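Novice: I'd like to ask you about the structure that follows.
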Amino acid sequence: MQRLTFPVFPAGLPQLEPELLARLNHHHEQLINLVAVQPDGFLPFDQWMHHTLYAPDIGYYSGGSTKFGSQLPIGDFTTAPELTPIFGHTLAQQALQIFDQGVPLQILEFGAGSGALAEAVLGYFAQLGHAVQYQILEISPSLRHRQQQRLASFGDQVSWLEGLPSAFEGVVLANELLDAMPTHIVRRDAELTLHEVGISLADTQADQRLQSPFQWTMRPLQDTQLAELAEARLPQIPNYQSELNLQAESWVRSLGDWLARGAVLLFDYGFPQHEYYHAQRSEGTLMCHFRHHAHGEALILPGLQDLTAHVDFTAMADSAVEAGLDVLGYTSQARFLLNCGITQLLDQPPSDSSNTIALATWNHTMGAVQKLLSEAEMGELFKVLALGKEVDPPLIGFLQGDRRDRL
């Protein structure tokens, strides 16, 4: 194995409260034991990501801290549904077109976060007089509890699944799901030989509060499938590193097994493959989020911070085709929302300028919509991929600006 060095967390990390510091120390103990029992002391990065995000005792998403929110110190990041209900109302317009084709009034959301998207979509359909059945598959116990509290007023319209359905007809929603699936990291060395990047124990364990007892290492790539994909996708550039998310590709292929009829709308940040593995993106796309501070050091704050990697949308589309699904559209989030009529859903500014509460609400909504649409914010970085079975195109969200030809 060869040790790698990467930048550590920059100066200015918020001070940890005693409770979080105690949890961090506990996480370190559990992960040290996990790494120590691995063959050659090497833990592949996808397993590190799985444990630090989803393990029952130490996982970021299995813990009770608040992940979503715009105010410090209660959240680490803000998603589109958290910004404004208008996002969910606009998405409902696309779902309505699919339902108008005779698809049952059912929605299945994967990873529903705080429940903000479900609340907005259900509220919008309630105004139209449609009683949509809304199912949620959520692996985080703490987030499921938050969802149940938030969506209690919708009664038996909402239900939670313990696993994948055997068959489903309706609309499937996944907002920022694929980016959080554990990914492999691969790297070419100076001689262009492919290696897998993982974690081993540092030579000396940390003795300061925010140091990590772990270090980056790499070993020659052993998995045949991973090696074939890496050879085909990574450019022939010395010391080039990137991610291959086999789990996300497998999840998309699984849609073909249980989606009997309907459409899948995937919202996430990412690129088509020729941009994902661009020569200038030589350190990959791995990002960490802690209290609205984004950085690239995944070995610090395990279990306390979010880990994500951008989505290779070409790989997702290819996996869908392999599973017998149709690729119905691919475009930017901004273009999708505009196509679905987000500007028509906006209220007019209050006529009475002295109504400060109404004016403040309107200004907040307009600011949130601007963030959803702006190329400098979420409008261009986030993409929408639509997959389906027995659904007639074109979908309204892709009438203009469809980029399937770039995948």
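Numbering starts fresh at 1 for the residues of each chain in the structure tokens, the chains themselves are lettered A, B, ... in the order given, and ligands are numbered from 1 as they appear.
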May I have the residues within 10 Å of Gln97 of chain A as a PyMOL selection string, using only C-alpha atoms and disregarding those fewer than 5 positions away in the same chain?

Specialist: chain A and resi 92+102-103+340+395-397

Novice: Could you write those residues out with all heavy atoms, as a PDB file, in the first residue's frame?

Specialist:
ATOM      1  N   ALA A  92     -44.753  19.005  -8.898  1.00  0.00           N
ATOM      2  CA  ALA A  92     -46.072  18.387  -8.972  1.00  0.00           C
ATOM      3  C   ALA A  92     -46.711  18.589 -10.341  1.00  0.00           C
ATOM      4  O   ALA A  92     -47.515  17.758 -10.784  1.00  0.00           O
ATOM      5  CB  ALA A  92     -46.977  18.943  -7.882  1.00  0.00           C
ATOM      6  N   GLY A 102     -53.042   8.270 -17.181  1.00  0.00           N
ATOM      7  CA  GLY A 102     -53.665   7.098 -16.587  1.00  0.00           C
ATOM      8  C   GLY A 102     -52.812   6.365 -15.587  1.00  0.00           C
ATOM      9  O   GLY A 102     -53.221   5.321 -15.066  1.00  0.00           O
ATOM     10  N   VAL A 103     -51.617   6.888 -15.310  1.00  0.00           N
ATOM     11  CA  VAL A 103     -50.758   6.297 -14.279  1.00  0.00           C
ATOM     12  C   VAL A 103     -51.411   6.519 -12.917  1.00  0.00           C
ATOM     13  O   VAL A 103     -51.898   7.619 -12.634  1.00  0.00           O
ATOM     14  CB  VAL A 103     -49.356   6.936 -14.319  1.00  0.00           C
ATOM     15  CG1 VAL A 103     -48.492   6.435 -13.172  1.00  0.00           C
ATOM     16  CG2 VAL A 103     -48.681   6.650 -15.662  1.00  0.00           C
ATOM     17  N   CYS A 340     -41.717  23.589 -16.403  1.00  0.00           N
ATOM     18  CA  CYS A 340     -42.890  23.161 -15.627  1.00  0.00           C
ATOM     19  C   CYS A 340     -43.695  24.330 -15.083  1.00  0.00           C
ATOM     20  O   CYS A 340     -44.696  24.117 -14.378  1.00  0.00           O
ATOM     21  CB  CYS A 340     -42.464  22.239 -14.491  1.00  0.00           C
ATOM     22  SG  CYS A 340     -41.890  20.616 -15.031  1.00  0.00           S
ATOM     23  N   LEU A 395     -42.185  14.741 -21.895  1.00  0.00           N
ATOM     24  CA  LEU A 395     -42.558  15.279 -20.597  1.00  0.00           C
ATOM     25  C   LEU A 395     -42.368  16.793 -20.619  1.00  0.00           C
ATOM     26  O   LEU A 395     -41.413  17.302 -21.203  1.00  0.00           O
ATOM     27  CB  LEU A 395     -41.694  14.661 -19.496  1.00  0.00           C
ATOM     28  CG  LEU A 395     -41.774  13.134 -19.319  1.00  0.00           C
ATOM     29  CD1 LEU A 395     -40.949  12.714 -18.117  1.00  0.00           C
ATOM     30  CD2 LEU A 395     -43.215  12.665 -19.184  1.00  0.00           C
ATOM     31  N   ILE A 396     -43.264  17.514 -19.949  1.00  0.00           N
ATOM     32  CA  ILE A 396     -43.237  18.979 -20.036  1.00  0.00           C
ATOM     33  C   ILE A 396     -41.941  19.566 -19.479  1.00  0.00           C
ATOM     34  O   ILE A 396     -41.497  20.628 -19.905  1.00  0.00           O
ATOM     35  CB  ILE A 396     -44.445  19.604 -19.312  1.00  0.00           C
ATOM     36  CG1 ILE A 396     -44.466  19.203 -17.827  1.00  0.00           C
ATOM     37  CG2 ILE A 396     -45.747  19.220 -20.007  1.00  0.00           C
ATOM     38  CD1 ILE A 396     -45.539  19.936 -17.024  1.00  0.00           C
ATOM     39  N   GLY A 397     -41.322  18.885 -18.524  1.00  0.00           N
ATOM     40  CA  GLY A 397     -40.109  19.413 -17.922  1.00  0.00           C
ATOM     41  C   GLY A 397     -38.919  19.444 -18.856  1.00  0.00           C
ATOM     42  O   GLY A 397     -37.896  20.068 -18.536  1.00  0.00           O
TER      43      GLY A 397
END

Novice: Write out as a ChimeraX atom specification which residues come within 7 Å of segment 237-250 of chain A when counting only C-alpha atoms, dropping same-chain ones fewer than 6 positions away.

Specialist: /A:178,181-192,282-285,315-316,319

Novice: Residues within 8 Å of Gly41 of chain A, please, as a list in words. Count only C-alpha atoms; anything in the same chain fewer than 3 positions from it doesn't count.

Specialist: Val35, Ala36, Val37, Gln38, Ser200 and Leu201 of chain A

Novice: Could you name the residues that touch Gly111 of chain A at 7 Å or less, counting only C-alpha atoms, but leaving out those on the same chain fewer than 3 positions away, as a ChimeraX atom specification?

Specialist: /A:137-138,174,177

Novice: Keeping N, CA and C atoms, export the residues of the selection given above as a PDB file, in the first residue's frame.

Specialist:
ATOM      1  N   LEU A 137     -39.522   5.777   1.344  1.00  0.00           N
ATOM      2  CA  LEU A 137     -38.540   4.797   1.793  1.00  0.00           C
ATOM      3  C   LEU A 137     -37.379   5.582   2.405  1.00  0.00           C
ATOM      4  N   GLU A 138     -37.271   5.498   3.706  1.00  0.00           N
ATOM      5  CA  GLU A 138     -36.287   6.279   4.457  1.00  0.00           C
ATOM      6  C   GLU A 138     -35.506   5.358   5.379  1.00  0.00           C
ATOM      7  N   ALA A 174     -36.545  11.246  -6.325  1.00  0.00           N
ATOM      8  CA  ALA A 174     -35.305  11.114  -5.551  1.00  0.00           C
ATOM      9  C   ALA A 174     -34.532  12.413  -5.708  1.00  0.00           C
ATOM     10  N   LEU A 177     -30.278  11.922  -3.816  1.00  0.00           N
ATOM     11  CA  LEU A 177     -30.144  10.554  -3.312  1.00  0.00           C
ATOM     12  C   LEU A 177     -28.880   9.900  -3.827  1.00  0.00           C
TER      13      LEU A 177
END

Novice: Set the distance at 7 Å and use only C-alpha atoms: which residues neighbour Pro104 of chain A once local chain neighbours fewer than 2 positions away are removed? I'd like the list as a VMD selection string.

Specialist: chain A and resid 99 102 106 169 to 170

Novice: I need the residues of segment 338-393 of chain A that end up classed as strand (DSSP E or B) by DSSP on the backbone, written out as a ChimeraX atom specification.

Specialist: /A:382-389

Novice: Between A:Gln135, A:Glu196, A:Asp203, A:Ser166, which residue has the minimum interatomic distance to Leu221 of chain A, considering only C-alpha atoms?

Specialist: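 Of all the options, A:Glu196 lies closest to Leu221 of chain A.
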
Novice: Where in segment 49-251 of chain A does DSSP assign alpha helix (DSSP H), given as a ChimeraX atom specification?

Specialist: /A:49-54,80-83,86-99,116-127,141-150,224-233,246-251

Novice: Counting only C-alpha atoms, which of A:Phe125, A:Gln101, A:Ala120, A:Asp312 gets nearest to Ala80 of chain A?

Specialist: A:Ala120

Novice: Any idea what the distance is between atom CA of Arg219 of chain A and atom CA of Gly270 of chain A?

Specialist: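 Interatomic distance, atom CA of Arg219 of chain A to atom CA of Gly270 of chain A: 27.1 Å.
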
Novice: Using only C-alpha atoms, what table do you get, as a Markdown table, when you list each residue of segment 76-130 of chain A with an atom no more than 10 Å from segment 364-371 of chain A, its nearest pair of atoms, and their distance in Å rounded to one decimal, rows by chain then rising number?

Specialist:
| residue | atom | partner | partner_atom | distance |
| --- | --- | --- | --- | --- |
| A:Ala80 | CA | A:Ala368 | CA | 8.6 |
| A:Pro81 | CA | A:Ala368 | CA | 10.0 |
| A:Glu82 | CA | A:Ala368 | CA | 9.3 |
| A:Leu83 | CA | A:Ala368 | CA | 5.6 |
| A:Thr84 | CA | A:Ala368 | CA | 6.2 |
| A:Pro85 | CA | A:Thr365 | CA | 8.8 |
| A:Ile86 | CA | A:Val369 | CA | 7.7 |
| A:Phe87 | CA | A:Val369 | CA | 8.0 |

Novice: Of the residues A:Met378, A:Leu307, A:Leu385, A:Ile300, which is the one nearest to Phe214 of chain A, using only C-alpha atoms?

Specialist: A:Ile300

Novice: Find the residues near segment 388-390 of chain A: any atom within 7 Å, counting only C-alpha atoms, skip ones fewer than 6 places away on the same chain, and give them as a PyMOL selection string.

Specialist: chain A and resi 260-264+325-328

Novice: Could you check how far atom CA of Ala279 of chain A sits from atom CA of Gln333 of chain A, in Å to one decimal?

Specialist: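 Interatomic distance, atom CA of Ala279 of chain A to atom CA of Gln333 of chain A: 25.2 Å.
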
Novice: Looking at A:Thr314, A:Gln222, A:Gln280, A:Thr52, which one is nearest to His27 of chain A, with distances taken over only C-alpha atoms?

Specialist: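 Closest to His27 of chain A, using only C-alpha atoms: A:Thr52.
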
Novice: Which neighbours of Ala309 of chain A fall inside 7 Å, counting only C-alpha atoms, when residues of the same chain fewer than 5 positions from it are skipped, and could you give them as a list in words?

Specialist: Asp179, Ala180, Thr285, Leu286 and Met287 of chain A
